[in-house]
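The structure appears below as C-alpha cells.
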Amino acid sequence: MTEDTFRSVAIERTSLGNYVVRNSRGGSVSLGTGEDGSFTPVELLLTAIGGCAAVDVDHITSRRAEPTEFAVAVTGDKIRDEAGGNRMRNLRVEFTVTFPEGAEGDAARATLPRSLQQSHDRLCTVSRTVELGTPVAIAEGPGPSETDRR
C-alpha cells in the first residue's frame, strides 16, 4: 500500500473499558462501554457511516447553495444473529437538508437526490466497505522486546 491509501488510528486504554482514539493529525475521541458520555464502538460505526455520507453530500450540494439546515440521523438494530454473534442490521442514514429559496437553492435541491445516490453507490468509503463485507484481520502484535523486559 502506498502512503496515499494507508489510513490508521491508534487506540490507547485509559482505564477499564475506557480508551482514547488518536489519528495522525492530532485529533482524538473518547471511546468506552457507554457507561459515561463517551461513544461506544457501535455509535462510532454509525457515526462513520453517516459522517462519510454527510461529507460527500455537503460538498456536492453546497457548491450550489449553503444549506439552511443539514442534519443526519443514523440508526440500526444491534442483534445477536443465528450464529450467536453480535452485529448490526437495518442500518439507515436519513438526511434532513433544506436550502434557501431562489435559483441557487433550487439547484442545490435538485442535486440532493443524486448526491445521496452517488455517496451510497460510489463515494462513501465507510458504507461501501460495510456493504461489501470487507474481511477484518485481528492479530496479536509483537510483545515487548528483550530489552524492554529488563
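Following the order of the C-alpha cells, chains are lettered A, B, ..., residues in each are numbered from 1, and ligands are numbered from 1.
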
For Ser127 (chain A), please output as a PyMOL selection string all residues within 9 Å (counting only C-alpha atoms; exclusion window: fewer than 2 positions along the same chain).
chain A and resi 48-50+52-53+119-120+124-125+129-132

Using backbone DSSP assignments, extract all alpha helix (DSSP H) residues from chain A; output them as JSON, numbers by chain.
{"A": [41, 42, 43, 44, 45, 46, 47, 48, 49, 50, 51, 52, 53, 54, 55, 56, 57, 58, 59, 60, 61, 103, 104, 105, 106, 107, 108, 109, 110, 111, 112, 113, 114, 115, 116, 117, 118, 125, 126, 127, 128, 129, 130, 131, 132, 146, 147, 148, 149]}

Keeping only N, CA and C atoms, take the residues you just selected and write them out as a compact mmCIF listing (two decimals), in the first residue's frame.
# COMPACT_ATOMS: atom_id res chain seq x y z
N PRO A 41 -18.20 1.70 20.56
CA PRO A 41 -17.75 1.34 19.22
C PRO A 41 -18.89 1.30 18.19
N VAL A 42 -20.06 0.83 18.58
CA VAL A 42 -21.19 0.79 17.65
C VAL A 42 -21.63 2.21 17.28
N GLU A 43 -21.65 3.12 18.24
CA GLU A 43 -22.00 4.51 17.94
C GLU A 43 -20.98 5.13 16.99
N LEU A 44 -19.70 4.77 17.16
CA LEU A 44 -18.68 5.29 16.24
C LEU A 44 -18.85 4.69 14.84
N LEU A 45 -19.28 3.44 14.75
CA LEU A 45 -19.58 2.85 13.44
C LEU A 45 -20.71 3.62 12.77
N LEU A 46 -21.79 3.88 13.51
CA LEU A 46 -22.89 4.66 12.95
C LEU A 46 -22.43 6.07 12.56
N THR A 47 -21.59 6.65 13.41
CA THR A 47 -21.03 7.98 13.12
C THR A 47 -20.21 7.97 11.84
N ALA A 48 -19.39 6.94 11.68
CA ALA A 48 -18.55 6.85 10.48
C ALA A 48 -19.40 6.70 9.22
N ILE A 49 -20.44 5.88 9.29
CA ILE A 49 -21.31 5.69 8.12
C ILE A 49 -22.01 7.00 7.77
N GLY A 50 -22.63 7.62 8.74
CA GLY A 50 -23.35 8.87 8.48
C GLY A 50 -22.44 10.03 8.17
N GLY A 51 -21.33 10.10 8.87
CA GLY A 51 -20.38 11.20 8.64
C GLY A 51 -19.77 11.16 7.26
N CYS A 52 -19.46 9.98 6.80
CA CYS A 52 -18.88 9.82 5.46
C CYS A 52 -19.87 10.31 4.40
N ALA A 53 -21.11 9.87 4.52
CA ALA A 53 -22.13 10.30 3.56
C ALA A 53 -22.39 11.80 3.68
N ALA A 54 -22.39 12.32 4.90
CA ALA A 54 -22.63 13.75 5.11
C ALA A 54 -21.58 14.60 4.41
N VAL A 55 -20.33 14.21 4.54
CA VAL A 55 -19.25 14.96 3.88
C VAL A 55 -19.45 14.97 2.36
N ASP A 56 -19.76 13.80 1.81
CA ASP A 56 -19.99 13.71 0.36
C ASP A 56 -21.12 14.62 -0.08
N VAL A 57 -22.27 14.48 0.55
CA VAL A 57 -23.47 15.21 0.16
C VAL A 57 -23.27 16.71 0.38
N ASP A 58 -22.66 17.09 1.47
CA ASP A 58 -22.42 18.50 1.76
C ASP A 58 -21.54 19.14 0.70
N HIS A 59 -20.45 18.47 0.33
CA HIS A 59 -19.55 19.03 -0.68
C HIS A 59 -20.24 19.20 -2.03
N ILE A 60 -21.07 18.25 -2.39
CA ILE A 60 -21.74 18.33 -3.69
C ILE A 60 -22.81 19.41 -3.70
N THR A 61 -23.70 19.40 -2.71
CA THR A 61 -24.83 20.34 -2.72
C THR A 61 -24.43 21.77 -2.38
N ALA A 103 -32.93 30.62 -7.06
CA ALA A 103 -32.32 29.78 -8.09
C ALA A 103 -31.21 28.88 -7.53
N GLU A 104 -30.36 29.45 -6.67
CA GLU A 104 -29.26 28.64 -6.11
C GLU A 104 -29.80 27.53 -5.21
N GLY A 105 -30.78 27.86 -4.38
CA GLY A 105 -31.41 26.85 -3.53
C GLY A 105 -32.10 25.78 -4.35
N ASP A 106 -32.76 26.20 -5.45
CA ASP A 106 -33.41 25.24 -6.34
C ASP A 106 -32.38 24.29 -6.96
N ALA A 107 -31.24 24.82 -7.34
CA ALA A 107 -30.18 24.00 -7.93
C ALA A 107 -29.65 22.99 -6.91
N ALA A 108 -29.47 23.44 -5.67
CA ALA A 108 -28.99 22.54 -4.62
C ALA A 108 -30.03 21.46 -4.33
N ARG A 109 -31.30 21.85 -4.24
CA ARG A 109 -32.37 20.87 -4.01
C ARG A 109 -32.43 19.83 -5.11
N ALA A 110 -32.23 20.27 -6.34
CA ALA A 110 -32.27 19.35 -7.48
C ALA A 110 -31.10 18.37 -7.44
N THR A 111 -30.00 18.79 -6.86
CA THR A 111 -28.80 17.96 -6.79
C THR A 111 -28.84 16.96 -5.64
N LEU A 112 -29.66 17.22 -4.62
CA LEU A 112 -29.66 16.41 -3.41
C LEU A 112 -29.92 14.92 -3.67
N PRO A 113 -30.97 14.52 -4.39
CA PRO A 113 -31.19 13.08 -4.58
C PRO A 113 -30.01 12.38 -5.27
N ARG A 114 -29.46 13.01 -6.27
CA ARG A 114 -28.32 12.41 -6.99
C ARG A 114 -27.10 12.33 -6.09
N SER A 115 -26.86 13.35 -5.26
CA SER A 115 -25.70 13.32 -4.36
C SER A 115 -25.84 12.22 -3.31
N LEU A 116 -27.05 11.98 -2.82
CA LEU A 116 -27.28 10.88 -1.89
C LEU A 116 -26.97 9.54 -2.56
N GLN A 117 -27.42 9.38 -3.79
CA GLN A 117 -27.17 8.14 -4.52
C GLN A 117 -25.69 7.96 -4.82
N GLN A 118 -25.01 9.03 -5.23
CA GLN A 118 -23.57 8.94 -5.52
C GLN A 118 -22.79 8.56 -4.28
N THR A 125 -16.60 5.67 1.38
CA THR A 125 -15.74 4.52 1.66
C THR A 125 -16.30 3.67 2.80
N VAL A 126 -16.85 4.29 3.82
CA VAL A 126 -17.29 3.56 5.00
C VAL A 126 -18.49 2.66 4.69
N SER A 127 -19.56 3.24 4.15
CA SER A 127 -20.74 2.40 3.90
C SER A 127 -20.47 1.37 2.81
N ARG A 128 -19.67 1.72 1.83
CA ARG A 128 -19.34 0.72 0.80
C ARG A 128 -18.54 -0.44 1.40
N THR A 129 -17.63 -0.14 2.32
CA THR A 129 -16.85 -1.19 2.98
C THR A 129 -17.77 -2.10 3.79
N VAL A 130 -18.71 -1.51 4.53
CA VAL A 130 -19.65 -2.30 5.31
C VAL A 130 -20.51 -3.17 4.39
N GLU A 131 -21.06 -2.58 3.36
CA GLU A 131 -21.95 -3.32 2.46
C GLU A 131 -21.24 -4.42 1.69
N LEU A 132 -20.00 -4.19 1.32
CA LEU A 132 -19.26 -5.20 0.57
C LEU A 132 -18.71 -6.30 1.49
N GLU A 146 13.32 -8.03 24.29
CA GLU A 146 14.16 -8.46 25.42
C GLU A 146 14.64 -7.25 26.22
N THR A 147 14.99 -6.17 25.53
CA THR A 147 15.50 -5.00 26.22
C THR A 147 14.41 -4.38 27.08
N ASP A 148 13.17 -4.37 26.58
CA ASP A 148 12.07 -3.80 27.35
C ASP A 148 11.77 -4.61 28.61
N ARG A 149 12.06 -5.92 28.60
CA ARG A 149 11.73 -6.78 29.73
C ARG A 149 12.76 -6.67 30.84

Report, in Å with one decimal, the straight-line distance from CA of Gly133 (chain A) to CA of Gly76 (chain A).
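Going from CA of Gly133 (chain A) over to CA of Gly76 (chain A), I get 16.7 Å.
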
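Taking CA of Ala10 (chain A) as the reference point, CA of Ile79 (chain A) is found at 27.4 Å.
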
Distance of CA of Asn86 (chain A) from CA of Ala139 (chain A), expressed in Å to one decimal place
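Between CA of Ala139 (chain A) and CA of Asn86 (chain A) the gap is 19.6 Å.
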
Hey, what does DSSP flag as strand (DSSP E) within region 29-149 of chain A? Can you give it to me as a PyMOL selection string?
chain A and resi 29-32+69-80+86-98

Spatial neighbours of Arg87 (chain A), max dist 9 Å, only C-alpha atoms, sep filter under 4 positions, as a ChimeraX atom specification:
/A:77-81

Residues of the last selection are to be written out with all heavy atoms, as a tab-separated table (two decimals), in the first residue's frame.
chain	number	residue	atom	x	y	z
A	77	ASP	N	-30.24	-1.62	14.30
A	77	ASP	CA	-30.55	-2.53	15.39
A	77	ASP	C	-29.35	-3.42	15.67
A	77	ASP	O	-28.84	-4.09	14.75
A	77	ASP	CB	-31.75	-3.42	15.04
A	77	ASP	CG	-33.01	-2.62	14.78
A	77	ASP	OD1	-33.33	-1.75	15.61
A	77	ASP	OD2	-33.67	-2.86	13.75
A	78	LYS	N	-28.92	-3.47	16.93
A	78	LYS	CA	-27.85	-4.38	17.33
A	78	LYS	C	-28.51	-5.68	17.74
A	78	LYS	O	-29.37	-5.70	18.62
A	78	LYS	CB	-27.03	-3.80	18.48
A	78	LYS	CG	-25.86	-4.68	18.88
A	78	LYS	CD	-25.05	-4.06	19.99
A	78	LYS	CE	-23.96	-5.04	20.43
A	78	LYS	NZ	-23.24	-4.53	21.59
A	79	ILE	N	-28.11	-6.76	17.09
A	79	ILE	CA	-28.74	-8.05	17.34
A	79	ILE	C	-27.70	-9.13	17.60
A	79	ILE	O	-26.51	-8.93	17.33
A	79	ILE	CB	-29.62	-8.48	16.13
A	79	ILE	CG1	-28.75	-8.71	14.89
A	79	ILE	CG2	-30.72	-7.48	15.88
A	79	ILE	CD1	-29.37	-9.56	13.83
A	80	ARG	N	-28.15	-10.24	18.12
A	80	ARG	CA	-27.35	-11.46	18.18
A	80	ARG	C	-27.93	-12.34	17.09
A	80	ARG	O	-29.11	-12.68	17.12
A	80	ARG	CB	-27.43	-12.13	19.54
A	80	ARG	CG	-26.52	-13.35	19.64
A	80	ARG	CD	-26.44	-13.90	21.05
A	80	ARG	NE	-25.93	-12.92	21.99
A	80	ARG	CZ	-24.65	-12.77	22.33
A	80	ARG	NH1	-23.73	-13.54	21.79
A	80	ARG	NH2	-24.28	-11.87	23.20
A	81	ASP	N	-27.12	-12.68	16.10
A	81	ASP	CA	-27.63	-13.42	14.96
A	81	ASP	C	-27.72	-14.92	15.23
A	81	ASP	O	-27.39	-15.38	16.31
A	81	ASP	CB	-26.82	-13.11	13.69
A	81	ASP	CG	-25.37	-13.53	13.78
A	81	ASP	OD1	-25.02	-14.42	14.59
A	81	ASP	OD2	-24.55	-12.97	13.02

Within 10 Å of Ser28 (chain A) using only C-alpha atoms, minus same-chain residues under 6 positions, as a list of chain:residue names:
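Returned residues: A:Val9, A:Ala10, A:Ile11, A:Val20, A:Val21, A:Arg22.
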